[in-house]
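Okay, structure first, notes after.
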Amino acid sequence: MTLSPAVSTPTDRVALVTGGAARIGAAIVRTLHRAGYRIVLHYRHSAAPAEALAAELNALRVDSVRLAQADLVDLGAVARLADAALAQWQRLDLFVHNASSFYPTALAEVEARHWEDLMGTNARAPLFLAKRLAPALQSCQGCIVHIIDSTAQHGLAGFAPYAMAKAALANLTRTLARELAPHVRVNGVSPGAILWPEYEGGMSASEQESTLARTCLGRIGTPEDIAGTVLFLTQASYVTGQIIRVDGGAVA
């Protein structure tokens, strides 16, 4: 993908985006970069896409994206990621937690390792990242945006640990909004059908059709729909503790 030159005048604002190398995360990174942010782009395994995206955006604005690798299941790595993010430009205005493990875990087959992975990336990591990043965010009057999931509200059969983790993330969003007020705003974005899953087997054509049939707009969304909502929340100075559904009207 080729971007036109950045439309915004560069600013001193710095954002950490977890899981920013591909899919929704990459759209968030591109959107924030276009709005003038410098980005600390976190990835776990996606080194090649992360490096390509950083090169693309640094070509548009020199030294505006830096990379940070970490396995968010490892609490030591979580702490090192937070410290590395703060060290890049000695400030932080925005923390977007997009990183997420996602795969089916039928009740009869769920194991402790599934719980550790799914809860670790989706709920525990953003908690401990927020703990370590909070002072810097407070000094900048910054904000946090969590990428949640519609499953946090209505559950998802065959994905119990994942749905539980996203429900925990939704609760963390509301809790941190209270605890970090008035200096840090905390909100969430809850995507519906944006991209079809990439886990082995994925969704069948009939399952995809059924999903879209339950969506008022009758179509799948785009990563840019989520990224645009994240950008809105960075600018909505009187909004905190909210989770915005971007689901094409599925819940409605």
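We name chains A, B, ... following the order of the structure tokens; residues begin at 1 in each chain, and ligands are numbered from 1 as shown.
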Produce a table with one row for each residue of stretch 6-34 of chain A that has an atom at most 12 Å from any atom of stretch 123-129 of chain A, each row naming the nearest atom pair and its distance in Å at one decimal; use only C-alpha atoms; arrange rows by chain and rising residue number; format as JSON lines.
{"residue": "A:Leu16", "atom": "CA", "partner": "A:Leu129", "partner_atom": "CA", "distance": 10.4}
{"residue": "A:Val17", "atom": "CA", "partner": "A:Pro126", "partner_atom": "CA", "distance": 11.2}
{"residue": "A:Thr18", "atom": "CA", "partner": "A:Pro126", "partner_atom": "CA", "distance": 9.3}
{"residue": "A:Gly19", "atom": "CA", "partner": "A:Pro126", "partner_atom": "CA", "distance": 11.8}
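Shortest atom-to-atom contact with A:Met164 among A:Val246, A:Leu180, A:Val189, A:Leu118: A:Leu118, counting only C-alpha atoms.
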- Could you write out, as a PyMOL selection string, all the residues of stretch 42-227 of chain A that DSSP marks as strand (DSSP E or B)? chain A and resi 42-43+65-69+94-97+105+143-147+159+185-191
With N, CA and C atoms retained, write the just-selected residues as a compact mmCIF listing (two decimals), in the first residue's frame.
# COMPACT_ATOMS: atom_id res chain seq x y z
N HIS A 42 4.55 -1.97 18.41
CA HIS A 42 4.86 -3.26 19.03
C HIS A 42 4.42 -4.40 18.14
N TYR A 43 5.19 -5.47 18.16
CA TYR A 43 4.80 -6.71 17.49
C TYR A 43 5.33 -7.88 18.31
N VAL A 65 8.57 6.35 13.32
CA VAL A 65 8.11 5.04 13.79
C VAL A 65 9.31 4.24 14.27
N ARG A 66 9.18 3.69 15.46
CA ARG A 66 10.21 2.80 15.99
C ARG A 66 9.55 1.50 16.43
N LEU A 67 10.31 0.43 16.37
CA LEU A 67 9.76 -0.91 16.63
C LEU A 67 10.12 -1.40 18.02
N ALA A 68 9.23 -2.22 18.57
CA ALA A 68 9.47 -2.84 19.87
C ALA A 68 8.85 -4.23 19.85
N GLN A 69 9.66 -5.26 20.04
CA GLN A 69 9.17 -6.64 20.04
C GLN A 69 8.96 -7.11 21.48
N LEU A 94 -0.50 8.52 24.08
CA LEU A 94 -1.57 7.60 23.72
C LEU A 94 -1.07 6.16 23.80
N PHE A 95 -1.87 5.31 24.42
CA PHE A 95 -1.60 3.88 24.47
C PHE A 95 -2.80 3.16 23.87
N VAL A 96 -2.58 2.48 22.74
CA VAL A 96 -3.65 1.70 22.10
C VAL A 96 -3.30 0.23 22.26
N HIS A 97 -4.15 -0.50 22.99
CA HIS A 97 -3.92 -1.94 23.13
C HIS A 97 -4.77 -2.67 22.10
N THR A 105 -11.47 -22.51 21.44
CA THR A 105 -11.14 -23.40 22.56
C THR A 105 -12.44 -24.03 23.04
N CYS A 143 -4.31 9.58 26.77
CA CYS A 143 -5.47 8.69 26.78
C CYS A 143 -5.07 7.26 26.42
N ILE A 144 -5.96 6.35 26.76
CA ILE A 144 -5.82 4.93 26.48
C ILE A 144 -7.03 4.51 25.67
N VAL A 145 -6.80 3.69 24.64
CA VAL A 145 -7.89 3.11 23.87
C VAL A 145 -7.64 1.61 23.77
N HIS A 146 -8.61 0.84 24.23
CA HIS A 146 -8.54 -0.62 24.15
C HIS A 146 -9.38 -1.11 22.97
N ILE A 147 -8.85 -2.03 22.20
CA ILE A 147 -9.64 -2.69 21.16
C ILE A 147 -10.23 -3.94 21.79
N PHE A 159 -15.32 -20.34 22.38
CA PHE A 159 -14.21 -19.40 22.58
C PHE A 159 -14.24 -18.86 24.01
N ARG A 185 -7.88 9.93 29.91
CA ARG A 185 -9.15 9.37 29.45
C ARG A 185 -8.93 7.94 28.96
N VAL A 186 -9.89 7.07 29.25
CA VAL A 186 -9.77 5.65 28.88
C VAL A 186 -11.07 5.21 28.22
N ASN A 187 -10.96 4.73 26.98
CA ASN A 187 -12.13 4.29 26.22
C ASN A 187 -11.80 3.01 25.47
N GLY A 188 -12.83 2.43 24.86
CA GLY A 188 -12.65 1.21 24.09
C GLY A 188 -13.40 1.27 22.77
N VAL A 189 -12.94 0.44 21.84
CA VAL A 189 -13.62 0.25 20.56
C VAL A 189 -13.92 -1.23 20.46
N SER A 190 -15.18 -1.56 20.16
CA SER A 190 -15.61 -2.95 20.10
C SER A 190 -15.99 -3.31 18.67
N PRO A 191 -15.06 -3.93 17.93
CA PRO A 191 -15.35 -4.27 16.53
C PRO A 191 -16.32 -5.43 16.41
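Shortest separation to A:Pro104 among A:Ala50, A:Ala157, A:Val40, A:Pro223 occurs at residue A:Ala157, atoms counted being only C-alpha atoms.
Among the candidate residues A:Val29, A:Ala163, A:Ala170, A:Cys140, the one lying nearest to A:Gln90 is A:Cys140, with distances computed using only C-alpha atoms.
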- A:Leu86 environment, 10 Å, only C-alpha atoms, sequence neighbours closer than 3 positions dropped, as JSON, numbers by chain: {"A": [14, 15, 16, 40, 80, 81, 82, 83, 89, 90, 91, 92, 132, 133, 136, 137]}
- Item | Backbone DSSP call of alpha helix (DSSP H) for stretch 103-234 of chain A, listed as an NGL selection string | :A and (112-119 or 125-139 or 151-154 or 160-179 or 205-213 or 223-234)
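What separates atom CA of A:Ile244 from atom CA of A:Leu212 is a distance of 19.4 Å.
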